[in-house]
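Q: After the structure tokens below, expect a handful of questions from me.
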Amino acid sequence: MTARLSEALRRLADDVPPARVPAGLFDAARTRHRRRRAVVAGALAVLVLLLGTGYALHPVALTLPASPRHDAPGLPTRLVDPPLRTASVRASAPGTAAMLFGGPAVRTNWFETRMAVVAADDDRYRVLNGDPAVAGFEAMLSPDGRYVWMGASLLDLTSGRTTTDRPDGYPLAFAPNGKRLVYADDDTTFTSPNTYSTPYVGVYDRDHGTDVLRVRVGTTWVPPGRTAALSPDGGDLALQLRDEVWLARVDDAGADRVAEPYRKLPLAGGRLAGAGSWLPDGRSVAVLGRSTCTDCPVPSYRRTWTLVPRSTVDGTPLAGAAFPPLRSRSFVQLLGWRSADEAVALVGVPGPAAVDSPEEHDVAWGPYHEVGTEAVELVVLRRGATAPEVLFRTPEGITDLSVAADLAIDGAVRESGRPHYGPPSFWALAVGFILAVLVALPVLSWLRRRRARRSDRLLRGG
């Protein structure tokens, strides 16, 4: 650079007026910086709070309310479909339950094995994963409503935790007092082309922590649900194998806990009536006769079930007036007896388009959830009556049901109140935070642009 050019630049710089800084410019910049820092700190605090709360609610079973809202436990007068925000049993234990239920209304595309329970003393709803058990068959509620038994898990609803005091097999039935469990060994044997064989069926005593009876099978598959029943004292087992009911006694078991059946009752196409099949005297067991109806409520479903108590001494039907027929009913599960003349049962109601298909007593025989069932009814069957008394019917979309047998037999019913679904789950909190952030970001961006425009106007005005 030449001396003349340097001199010209210096003169030019001397002629430029000094820059004027608007009043309050640095204070405004410092205020904006503090606000941004406060917003970021607040967002981080909310994130930590939400994540910490979600983590705290997720793994720990919360305690129940100090006192129920109802005077006495009972079956609710109505059921509702639990929304997606409903807490799980493991996250928030519901306590002793009145009903375990499922169906299309409870399941979703994201939760295909979802089931729900409702508490006996209040309308506390909780959900659990059946994986892939069906309520009332592969998953069942204990008579007192405390436990859910599904697959290899025995879930305590008062704590939300599984207990190890259970047999190693899939469930068939609870004893009436809930202390003994009937199970089938799940180590099935396959015989081509389509036959499975269950090695044995056992009776597990929870007080002793061991089997008290085993019955060798090895010739057929024993499906879960309504295929076994224990007598009121837990000493006798009734087990359906194909077209027979085998009767075995715990007292006949040897040192290896194995006993041979002392009697086999032919069914002639019928079924064992379910876990409550034994009459109160312990010397009679109820079976279901199957026939065809003509004036069927569902014309395409012409199946009729008839309850027939039979003596375990000689297998003959007991004398007395007949129980009412169950026409166009897909299944019957006897829960127990109020007296020798009055039984309580769950029955499946087929839809108008359901078709009664023949059964095969093999792996193809699927008594878990009959195809076409659209509802389940809780009924009372009385000798001499012309029709069952319907106590309860599931709403649309709830097609699988298991109830606390003790409440059903006692007739304990409570009025349903306002349902509540427990604390929000972790994923719900996470989704809520993400939505909050997605809403907050555009708002913060708009506020920042607005402040920038105000600053520009101040600078131009200065």
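We name chains A, B, ... following the order of the structure tokens; residues begin at 1 in each chain, and ligands are numbered from 1 as shown.
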With only C-alpha atoms counted and 8 Å as the cut-off, give the residues of segment 328-427 of chain A in contact with segment 142-153 of chain A, each with its shortest interatomic distance in Å and the pair that gives it, as CSV.

A:
```
residue,atom,partner,partner_atom,distance
A:Val403,CA,A:Gly145,CA,7.5
A:Ala404,CA,A:Pro143,CA,4.7
A:Ala405,CA,A:Pro143,CA,4.5
A:Asp406,CA,A:Pro143,CA,5.3
A:Leu407,CA,A:Asp144,CA,7.6
```

Q: Can you write out the residues you just picked, keeping C-alpha atoms, as an mmCIF file, in the first residue's frame?

A:
```
data_model
loop_
_atom_site.group_PDB
_atom_site.id
_atom_site.type_symbol
_atom_site.label_atom_id
_atom_site.label_comp_id
_atom_site.auth_asym_id
_atom_site.auth_seq_id
_atom_site.Cartn_x
_atom_site.Cartn_y
_atom_site.Cartn_z
ATOM 1 C CA VAL A 403 -65.060 -64.749 37.499
ATOM 2 C CA ALA A 404 -64.276 -65.226 41.175
ATOM 3 C CA ALA A 405 -66.368 -68.342 41.818
ATOM 4 C CA ASP A 406 -66.818 -67.554 45.521
ATOM 5 C CA LEU A 407 -68.575 -64.272 44.701
#
```

Q: Mind checking which residues fall within 7 Å of segment 238-254 of chain A, counting only C-alpha atoms, ignoring those fewer than 4 positions away in the same chain, and posting them as a list in words?

A: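 Skipping anything fewer than 4 positions along the chain leaves Val212, Leu213, Thr220, Val222, Thr227, Ala228, Ala229, Leu230, Val258, Ala259, Glu260, Pro261, Tyr262, Arg263, Lys264, Leu265, Pro266, Leu267, Ala268, Gly269, Leu272 and His361 of chain A.
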
Q: Save the residues we just selected, N, CA, C and O atoms, as a PDB file, in the first residue's frame?

A:
```pdb
ATOM      1  N   VAL A 212     -49.617 -84.054  45.016  1.00  0.00           N
ATOM      2  CA  VAL A 212     -50.226 -85.082  45.869  1.00  0.00           C
ATOM      3  C   VAL A 212     -50.878 -86.171  45.030  1.00  0.00           C
ATOM      4  O   VAL A 212     -51.299 -87.193  45.573  1.00  0.00           O
ATOM      5  N   LEU A 213     -50.957 -85.958  43.722  1.00  0.00           N
ATOM      6  CA  LEU A 213     -51.562 -86.946  42.833  1.00  0.00           C
ATOM      7  C   LEU A 213     -51.066 -86.717  41.414  1.00  0.00           C
ATOM      8  O   LEU A 213     -50.911 -85.573  40.980  1.00  0.00           O
ATOM      9  N   THR A 220     -53.646 -89.253  24.822  1.00  0.00           N
ATOM     10  CA  THR A 220     -54.394 -88.163  24.199  1.00  0.00           C
ATOM     11  C   THR A 220     -53.892 -86.835  24.740  1.00  0.00           C
ATOM     12  O   THR A 220     -53.156 -86.791  25.726  1.00  0.00           O
ATOM     13  N   VAL A 222     -54.589 -83.320  26.568  1.00  0.00           N
ATOM     14  CA  VAL A 222     -55.522 -82.734  27.528  1.00  0.00           C
ATOM     15  C   VAL A 222     -55.514 -81.222  27.324  1.00  0.00           C
ATOM     16  O   VAL A 222     -54.544 -80.550  27.680  1.00  0.00           O
ATOM     17  N   THR A 227     -61.617 -79.054  31.591  1.00  0.00           N
ATOM     18  CA  THR A 227     -61.390 -80.486  31.403  1.00  0.00           C
ATOM     19  C   THR A 227     -61.054 -81.191  32.711  1.00  0.00           C
ATOM     20  O   THR A 227     -60.772 -82.388  32.695  1.00  0.00           O
ATOM     21  N   ALA A 228     -61.056 -80.475  33.854  1.00  0.00           N
ATOM     22  CA  ALA A 228     -60.724 -81.103  35.132  1.00  0.00           C
ATOM     23  C   ALA A 228     -61.484 -80.398  36.254  1.00  0.00           C
ATOM     24  O   ALA A 228     -61.884 -79.235  36.131  1.00  0.00           O
ATOM     25  N   ALA A 229     -61.678 -81.146  37.349  1.00  0.00           N
ATOM     26  CA  ALA A 229     -62.357 -80.587  38.519  1.00  0.00           C
ATOM     27  C   ALA A 229     -61.933 -81.368  39.752  1.00  0.00           C
ATOM     28  O   ALA A 229     -61.735 -82.581  39.691  1.00  0.00           O
ATOM     29  N   LEU A 230     -61.795 -80.649  40.874  1.00  0.00           N
ATOM     30  CA  LEU A 230     -61.494 -81.267  42.160  1.00  0.00           C
ATOM     31  C   LEU A 230     -62.725 -81.200  43.052  1.00  0.00           C
ATOM     32  O   LEU A 230     -63.476 -80.211  43.020  1.00  0.00           O
ATOM     33  N   VAL A 258     -48.525 -91.466  42.038  1.00  0.00           N
ATOM     34  CA  VAL A 258     -49.322 -91.910  40.895  1.00  0.00           C
ATOM     35  C   VAL A 258     -50.474 -92.772  41.381  1.00  0.00           C
ATOM     36  O   VAL A 258     -50.302 -93.623  42.269  1.00  0.00           O
ATOM     37  N   ALA A 259     -51.654 -92.551  40.826  1.00  0.00           N
ATOM     38  CA  ALA A 259     -52.822 -93.372  41.127  1.00  0.00           C
ATOM     39  C   ALA A 259     -53.565 -93.674  39.830  1.00  0.00           C
ATOM     40  O   ALA A 259     -53.633 -92.822  38.932  1.00  0.00           O
ATOM     41  N   GLU A 260     -54.114 -94.853  39.744  1.00  0.00           N
ATOM     42  CA  GLU A 260     -54.933 -95.225  38.610  1.00  0.00           C
ATOM     43  C   GLU A 260     -56.371 -94.780  38.862  1.00  0.00           C
ATOM     44  O   GLU A 260     -56.819 -94.714  40.006  1.00  0.00           O
ATOM     45  N   PRO A 261     -57.112 -94.454  37.802  1.00  0.00           N
ATOM     46  CA  PRO A 261     -58.512 -94.056  38.002  1.00  0.00           C
ATOM     47  C   PRO A 261     -59.337 -95.207  38.568  1.00  0.00           C
ATOM     48  O   PRO A 261     -59.187 -96.356  38.150  1.00  0.00           O
ATOM     49  N   TYR A 262     -60.196 -94.898  39.536  1.00  0.00           N
ATOM     50  CA  TYR A 262     -61.046 -95.938  40.115  1.00  0.00           C
ATOM     51  C   TYR A 262     -62.353 -96.099  39.344  1.00  0.00           C
ATOM     52  O   TYR A 262     -63.082 -97.073  39.545  1.00  0.00           O
ATOM     53  N   ARG A 263     -62.660 -95.123  38.453  1.00  0.00           N
ATOM     54  CA  ARG A 263     -63.861 -95.268  37.626  1.00  0.00           C
ATOM     55  C   ARG A 263     -63.714 -94.407  36.384  1.00  0.00           C
ATOM     56  O   ARG A 263     -63.065 -93.344  36.405  1.00  0.00           O
ATOM     57  N   LYS A 264     -64.340 -94.872  35.282  1.00  0.00           N
ATOM     58  CA  LYS A 264     -64.350 -94.122  34.034  1.00  0.00           C
ATOM     59  C   LYS A 264     -65.802 -93.992  33.576  1.00  0.00           C
ATOM     60  O   LYS A 264     -66.484 -95.000  33.353  1.00  0.00           O
ATOM     61  N   LEU A 265     -66.248 -92.736  33.452  1.00  0.00           N
ATOM     62  CA  LEU A 265     -67.627 -92.471  33.061  1.00  0.00           C
ATOM     63  C   LEU A 265     -67.681 -92.139  31.577  1.00  0.00           C
ATOM     64  O   LEU A 265     -67.040 -91.173  31.126  1.00  0.00           O
ATOM     65  N   PRO A 266     -68.433 -92.900  30.764  1.00  0.00           N
ATOM     66  CA  PRO A 266     -68.558 -92.553  29.341  1.00  0.00           C
ATOM     67  C   PRO A 266     -69.388 -91.284  29.158  1.00  0.00           C
ATOM     68  O   PRO A 266     -70.347 -91.030  29.908  1.00  0.00           O
ATOM     69  N   LEU A 267     -69.015 -90.480  28.173  1.00  0.00           N
ATOM     70  CA  LEU A 267     -69.685 -89.209  27.954  1.00  0.00           C
ATOM     71  C   LEU A 267     -70.657 -89.224  26.774  1.00  0.00           C
ATOM     72  O   LEU A 267     -71.562 -88.402  26.709  1.00  0.00           O
ATOM     73  N   ALA A 268     -70.436 -90.100  25.819  1.00  0.00           N
ATOM     74  CA  ALA A 268     -71.318 -90.204  24.651  1.00  0.00           C
ATOM     75  C   ALA A 268     -71.483 -88.859  23.949  1.00  0.00           C
ATOM     76  O   ALA A 268     -72.598 -88.415  23.658  1.00  0.00           O
ATOM     77  N   GLY A 269     -70.361 -88.180  23.729  1.00  0.00           N
ATOM     78  CA  GLY A 269     -70.395 -86.909  23.008  1.00  0.00           C
ATOM     79  C   GLY A 269     -70.516 -85.691  23.893  1.00  0.00           C
ATOM     80  O   GLY A 269     -70.483 -84.564  23.389  1.00  0.00           O
ATOM     81  N   LEU A 272     -67.234 -82.904  30.483  1.00  0.00           N
ATOM     82  CA  LEU A 272     -67.204 -82.527  31.892  1.00  0.00           C
ATOM     83  C   LEU A 272     -67.669 -81.077  31.991  1.00  0.00           C
ATOM     84  O   LEU A 272     -67.351 -80.254  31.127  1.00  0.00           O
ATOM     85  N   HIS A 361     -61.803 -84.905  19.217  1.00  0.00           N
ATOM     86  CA  HIS A 361     -61.108 -84.950  20.503  1.00  0.00           C
ATOM     87  C   HIS A 361     -59.609 -85.132  20.273  1.00  0.00           C
ATOM     88  O   HIS A 361     -59.026 -86.173  20.542  1.00  0.00           O
TER      89      HIS A 361
END
```

Q: DSSP on the backbone: what in segment 95-267 of chain A comes out strand (DSSP E or B), as a PyMOL selection string?

A: chain A and resi 97-102+114-119+124-129+135+139-141+147-150+153-156+161-162+170-174+180-184+189-191+195-197+200-205+210-216+228-230+236-241+244-249+258+263-266

Q: Can you spit out the residues from that selection as a short mmCIF file (atom, residue, chain, number, x, y, z; two decimals), in the first residue's frame, using C-alpha atoms?

A:
```
data_model
loop_
_atom_site.label_atom_id
_atom_site.label_comp_id
_atom_site.auth_asym_id
_atom_site.auth_seq_id
_atom_site.Cartn_x
_atom_site.Cartn_y
_atom_site.Cartn_z
CA ALA A 97 -60.46 -59.29 41.54
CA ALA A 98 -64.06 -60.00 40.65
CA MET A 99 -63.55 -60.68 36.94
CA LEU A 100 -60.84 -61.44 34.41
CA PHE A 101 -61.96 -60.69 30.86
CA GLY A 102 -60.85 -60.25 27.27
CA ARG A 114 -54.27 -58.03 26.24
CA MET A 115 -56.64 -58.96 29.09
CA ALA A 116 -58.08 -56.97 31.97
CA VAL A 117 -59.22 -57.40 35.56
CA VAL A 118 -61.63 -55.41 37.67
CA ALA A 119 -61.34 -55.38 41.47
CA ARG A 124 -60.22 -50.44 39.67
CA TYR A 125 -59.29 -51.68 36.21
CA ARG A 126 -55.87 -53.05 35.35
CA VAL A 127 -54.50 -54.85 32.29
CA LEU A 128 -52.10 -57.75 31.75
CA ASN A 129 -50.56 -59.59 28.86
CA ALA A 135 -59.55 -65.59 29.81
CA ALA A 139 -56.10 -68.09 31.92
CA MET A 140 -58.31 -68.39 34.97
CA LEU A 141 -59.14 -66.52 38.14
CA TYR A 147 -54.67 -65.13 41.69
CA VAL A 148 -54.60 -65.28 37.91
CA TRP A 149 -53.18 -68.55 36.62
CA MET A 150 -52.05 -68.44 32.99
CA SER A 153 -47.34 -68.00 35.76
CA LEU A 154 -49.38 -67.67 38.94
CA LEU A 155 -49.88 -63.93 39.40
CA ASP A 156 -50.83 -62.52 42.81
CA ARG A 161 -45.94 -60.22 41.38
CA THR A 162 -45.75 -63.83 40.24
CA TYR A 170 -50.39 -75.42 32.04
CA PRO A 171 -53.56 -74.81 34.09
CA LEU A 172 -56.67 -76.97 34.16
CA ALA A 173 -58.52 -76.02 37.36
CA PHE A 174 -58.36 -74.59 40.88
CA ARG A 180 -54.75 -77.23 45.17
CA LEU A 181 -54.13 -76.74 41.46
CA VAL A 182 -54.80 -79.22 38.66
CA TYR A 183 -52.31 -78.95 35.83
CA ALA A 184 -51.20 -80.84 32.74
CA THR A 189 -45.51 -86.03 22.64
CA PHE A 190 -46.26 -85.66 18.93
CA THR A 191 -47.45 -88.57 16.82
CA THR A 195 -51.90 -86.22 17.40
CA TYR A 196 -50.43 -84.92 20.65
CA SER A 197 -50.26 -86.83 23.92
CA TYR A 200 -49.71 -86.92 32.89
CA VAL A 201 -52.04 -84.65 34.83
CA GLY A 202 -51.04 -83.63 38.35
CA VAL A 203 -52.63 -82.16 41.46
CA TYR A 204 -50.31 -79.69 43.19
CA ASP A 205 -50.81 -78.81 46.85
CA THR A 210 -45.52 -80.65 45.94
CA ASP A 211 -47.78 -82.93 43.93
CA VAL A 212 -50.23 -85.08 45.87
CA LEU A 213 -51.56 -86.95 42.83
CA ARG A 214 -50.53 -87.80 39.30
CA VAL A 215 -52.62 -89.56 36.69
CA ARG A 216 -50.83 -91.04 33.71
CA ALA A 228 -60.72 -81.10 35.13
CA ALA A 229 -62.36 -80.59 38.52
CA LEU A 230 -61.49 -81.27 42.16
CA ASP A 236 -60.97 -86.52 44.28
CA LEU A 237 -60.11 -85.57 40.70
CA ALA A 238 -62.43 -85.70 37.69
CA LEU A 239 -60.56 -85.48 34.38
CA GLN A 240 -61.95 -85.56 30.87
CA LEU A 241 -59.95 -87.64 28.38
CA GLU A 244 -64.59 -90.31 29.10
CA VAL A 245 -64.33 -88.78 32.56
CA TRP A 246 -61.68 -90.44 34.71
CA LEU A 247 -62.08 -90.38 38.49
CA ALA A 248 -59.02 -90.70 40.75
CA ARG A 249 -58.37 -90.28 44.50
CA VAL A 258 -49.32 -91.91 40.90
CA ARG A 263 -63.86 -95.27 37.63
CA LYS A 264 -64.35 -94.12 34.03
CA LEU A 265 -67.63 -92.47 33.06
CA PRO A 266 -68.56 -92.55 29.34
#
```

Q: Enumerate, in order of chain and increasing residue number, the residues of segment 382-427 of chain A with an atom no farther than 12 Å from segment 328-333 of chain A, each with its shortest atom pair and distance in Å to one decimal, counting only C-alpha atoms, as JSON lines.

A:
```
{"residue": "A:Pro388", "atom": "CA", "partner": "A:Arg329", "partner_atom": "CA", "distance": 11.8}
{"residue": "A:Thr399", "atom": "CA", "partner": "A:Ser330", "partner_atom": "CA", "distance": 11.4}
{"residue": "A:Asp400", "atom": "CA", "partner": "A:Phe331", "partner_atom": "CA", "distance": 11.3}
{"residue": "A:Leu401", "atom": "CA", "partner": "A:Gln333", "partner_atom": "CA", "distance": 10.4}
{"residue": "A:Ser402", "atom": "CA", "partner": "A:Gln333", "partner_atom": "CA", "distance": 9.5}
{"residue": "A:Val403", "atom": "CA", "partner": "A:Gln333", "partner_atom": "CA", "distance": 10.8}
{"residue": "A:Ala405", "atom": "CA", "partner": "A:Gln333", "partner_atom": "CA", "distance": 11.0}
```

Q: Would you write out those residues with C-alpha atoms, as a tab-separated table (two decimals), in the first residue's frame?

A:
```tsv
chain	number	residue	atom	x	y	z
A	388	PRO	CA	-81.67	-70.47	33.16
A	399	THR	CA	-66.15	-62.47	24.66
A	400	ASP	CA	-63.83	-64.11	27.22
A	401	LEU	CA	-64.61	-64.17	30.93
A	402	SER	CA	-63.47	-65.75	34.19
A	403	VAL	CA	-65.06	-64.75	37.50
A	405	ALA	CA	-66.37	-68.34	41.82
```

Q: Quick one: of A:Val308, A:Leu334, A:Ala353, A:Ala72, who's nearest to Gly225 of chain A, counting only C-alpha atoms?

A: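 Comparing A:Val308, A:Leu334, A:Ala353, A:Ala72 against Gly225 of chain A, the winner is A:Leu334.
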
Q: When you count only C-alpha atoms, which of these residues is closest to Arg310 of chain A: A:Thr158, A:Ser339, A:Ser416, A:Ser277?

A: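 Using only C-alpha atoms, the shortest distance to Arg310 of chain A belongs to A:Ser277.
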
Q: Which is closest to Leu335 of chain A among A:Asp186, A:Arg454, A:Val347, A:Glu7, if we use only C-alpha atoms?

A: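 Smallest distance to Leu335 of chain A is found for A:Val347.
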
Q: How far is it from atom CA of Asp341 of chain A to atom CA of Lys179 of chain A, in Å with one decimal?

A: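 Taking atom CA of Asp341 of chain A as the start and atom CA of Lys179 of chain A as the end point, the length is 26.0 Å.
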
Q: I'd like to know which of A:Arg338, A:Arg450, A:Arg85, A:Arg383 is closest to Ala319 of chain A, using only C-alpha atoms.

A: A:Arg383

Q: One number please: atom CA of Asp123 of chain A to atom CA of Leu346 of chain A, in Å, one decimal.

A: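 So the two atoms, atom CA of Asp123 of chain A and atom CA of Leu346 of chain A, lie 21.5 Å apart.
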
Q: For the structure I just gave you, how does DSSP split segment 246-448 of chain A - specifically, which residues are alpha helix (DSSP H)? Reply as a PyMOL selection string.

A: chain A and resi 405-410+426-448

Q: Grab the atom CA of Pro199 of chain A to atom CA of Asp185 of chain A distance for me, in Å with one decimal place.

A: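 Those two atoms sit 6.3 Å apart.
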
Q: Contacts of Ala87 of chain A at 9 Å or less, counting only C-alpha atoms, minus same-chain residues fewer than 3 places along, as a PyMOL selection string?

A: chain A and resi 84+90-93+125-128+421-425

Q: Create the file for the chosen residues now, containing N, CA, C and O atoms and written as an mmCIF file, in the first residue's frame.

A:
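Written output follows (result-v2.cif):
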```cif
data_model
loop_
_atom_site.group_PDB
_atom_site.id
_atom_site.type_symbol
_atom_site.label_atom_id
_atom_site.label_comp_id
_atom_site.auth_asym_id
_atom_site.auth_seq_id
_atom_site.Cartn_x
_atom_site.Cartn_y
_atom_site.Cartn_z
ATOM 1 N N LEU A 84 -56.284 -47.382 26.672
ATOM 2 C CA LEU A 84 -54.856 -47.681 26.555
ATOM 3 C C LEU A 84 -54.054 -47.134 27.726
ATOM 4 O O LEU A 84 -52.985 -47.649 28.038
ATOM 5 N N ARG A 90 -48.813 -55.406 37.088
ATOM 6 C CA ARG A 90 -47.485 -55.384 37.700
ATOM 7 C C ARG A 90 -47.097 -53.980 38.162
ATOM 8 O O ARG A 90 -46.350 -53.822 39.128
ATOM 9 N N ALA A 91 -47.579 -52.953 37.471
ATOM 10 C CA ALA A 91 -47.235 -51.585 37.861
ATOM 11 C C ALA A 91 -48.087 -51.095 39.017
ATOM 12 O O ALA A 91 -47.616 -50.330 39.862
ATOM 13 N N SER A 92 -49.334 -51.542 39.074
ATOM 14 C CA SER A 92 -50.247 -51.089 40.120
ATOM 15 C C SER A 92 -51.239 -52.212 40.400
ATOM 16 O O SER A 92 -52.200 -52.395 39.656
ATOM 17 N N ALA A 93 -50.986 -52.973 41.453
ATOM 18 C CA ALA A 93 -51.811 -54.143 41.750
ATOM 19 C C ALA A 93 -53.251 -53.734 42.058
ATOM 20 O O ALA A 93 -53.480 -52.804 42.832
ATOM 21 N N TYR A 125 -59.607 -50.868 37.377
ATOM 22 C CA TYR A 125 -59.293 -51.682 36.205
ATOM 23 C C TYR A 125 -57.788 -51.707 35.999
ATOM 24 O O TYR A 125 -57.114 -50.684 36.109
ATOM 25 N N ARG A 126 -57.271 -52.885 35.691
ATOM 26 C CA ARG A 126 -55.868 -53.051 35.349
ATOM 27 C C ARG A 126 -55.772 -54.034 34.179
ATOM 28 O O ARG A 126 -56.683 -54.832 33.947
ATOM 29 N N VAL A 127 -54.668 -53.986 33.449
ATOM 30 C CA VAL A 127 -54.498 -54.855 32.287
ATOM 31 C C VAL A 127 -53.278 -55.744 32.485
ATOM 32 O O VAL A 127 -52.392 -55.464 33.297
ATOM 33 N N LEU A 128 -53.245 -56.837 31.741
ATOM 34 C CA LEU A 128 -52.105 -57.749 31.753
ATOM 35 C C LEU A 128 -52.011 -58.422 30.405
ATOM 36 O O LEU A 128 -52.970 -58.460 29.620
ATOM 37 N N TYR A 421 -58.360 -46.079 36.351
ATOM 38 C CA TYR A 421 -57.444 -46.940 35.613
ATOM 39 C C TYR A 421 -56.011 -46.903 36.122
ATOM 40 O O TYR A 421 -55.113 -47.373 35.441
ATOM 41 N N GLY A 422 -55.768 -46.355 37.288
ATOM 42 C CA GLY A 422 -54.445 -46.390 37.872
ATOM 43 C C GLY A 422 -53.543 -45.289 37.353
ATOM 44 O O GLY A 422 -53.921 -44.470 36.505
ATOM 45 N N PRO A 423 -52.321 -45.244 37.874
ATOM 46 C CA PRO A 423 -51.370 -44.208 37.459
ATOM 47 C C PRO A 423 -50.957 -44.391 36.015
ATOM 48 O O PRO A 423 -50.970 -45.501 35.490
ATOM 49 N N PRO A 424 -50.574 -43.294 35.339
ATOM 50 C CA PRO A 424 -50.150 -43.419 33.946
ATOM 51 C C PRO A 424 -48.882 -44.246 33.830
ATOM 52 O O PRO A 424 -48.004 -44.209 34.688
ATOM 53 N N SER A 425 -48.805 -45.009 32.760
ATOM 54 C CA SER A 425 -47.641 -45.865 32.557
ATOM 55 C C SER A 425 -46.467 -45.053 32.018
ATOM 56 O O SER A 425 -46.613 -43.896 31.602
#
```

Q: Counting only C-alpha atoms, what is within 7 Å of Thr306 of chain A, bar same-chain residues fewer than 3 positions away, as a PDB file with N, CA and C atoms, in the first residue's frame?

A:
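The resulting file, selection_4.pdb, is shown below:
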```pdb
ATOM      1  N   LEU A 288     -72.084 -82.771  30.992  1.00  0.00           N
ATOM      2  CA  LEU A 288     -72.957 -82.087  30.050  1.00  0.00           C
ATOM      3  C   LEU A 288     -73.317 -83.031  28.910  1.00  0.00           C
ATOM      4  N   GLY A 289     -74.621 -83.258  28.737  1.00  0.00           N
ATOM      5  CA  GLY A 289     -75.066 -83.990  27.565  1.00  0.00           C
ATOM      6  C   GLY A 289     -75.254 -83.044  26.406  1.00  0.00           C
ATOM      7  N   ARG A 290     -74.927 -83.515  25.225  1.00  0.00           N
ATOM      8  CA  ARG A 290     -75.021 -82.665  24.042  1.00  0.00           C
ATOM      9  C   ARG A 290     -76.064 -83.229  23.096  1.00  0.00           C
ATOM     10  N   PHE A 323     -82.496 -80.213  34.943  1.00  0.00           N
ATOM     11  CA  PHE A 323     -82.041 -78.833  34.852  1.00  0.00           C
ATOM     12  C   PHE A 323     -82.459 -78.254  33.503  1.00  0.00           C
ATOM     13  N   PRO A 325     -82.478 -76.821  29.811  1.00  0.00           N
ATOM     14  CA  PRO A 325     -81.529 -76.970  28.704  1.00  0.00           C
ATOM     15  C   PRO A 325     -80.917 -75.629  28.323  1.00  0.00           C
ATOM     16  N   LEU A 326     -79.702 -75.675  27.814  1.00  0.00           N
ATOM     17  CA  LEU A 326     -78.995 -74.483  27.349  1.00  0.00           C
ATOM     18  C   LEU A 326     -78.911 -74.572  25.831  1.00  0.00           C
TER      19      LEU A 326
END
```

Q: Between A:Gly270, A:Pro73, A:Gly209, A:Gly234, which is the closest to Gly95 of chain A once you count only C-alpha atoms?

A: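 Of A:Gly270, A:Pro73, A:Gly209, A:Gly234, the one nearest Gly95 of chain A, counting only C-alpha atoms, is A:Pro73.
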
Q: Given only C-alpha atoms as the basis, pick out the residue of A:Arg453, A:Arg271, A:Arg418, A:Arg107 nearest to Pro132 of chain A.

A: A:Arg107
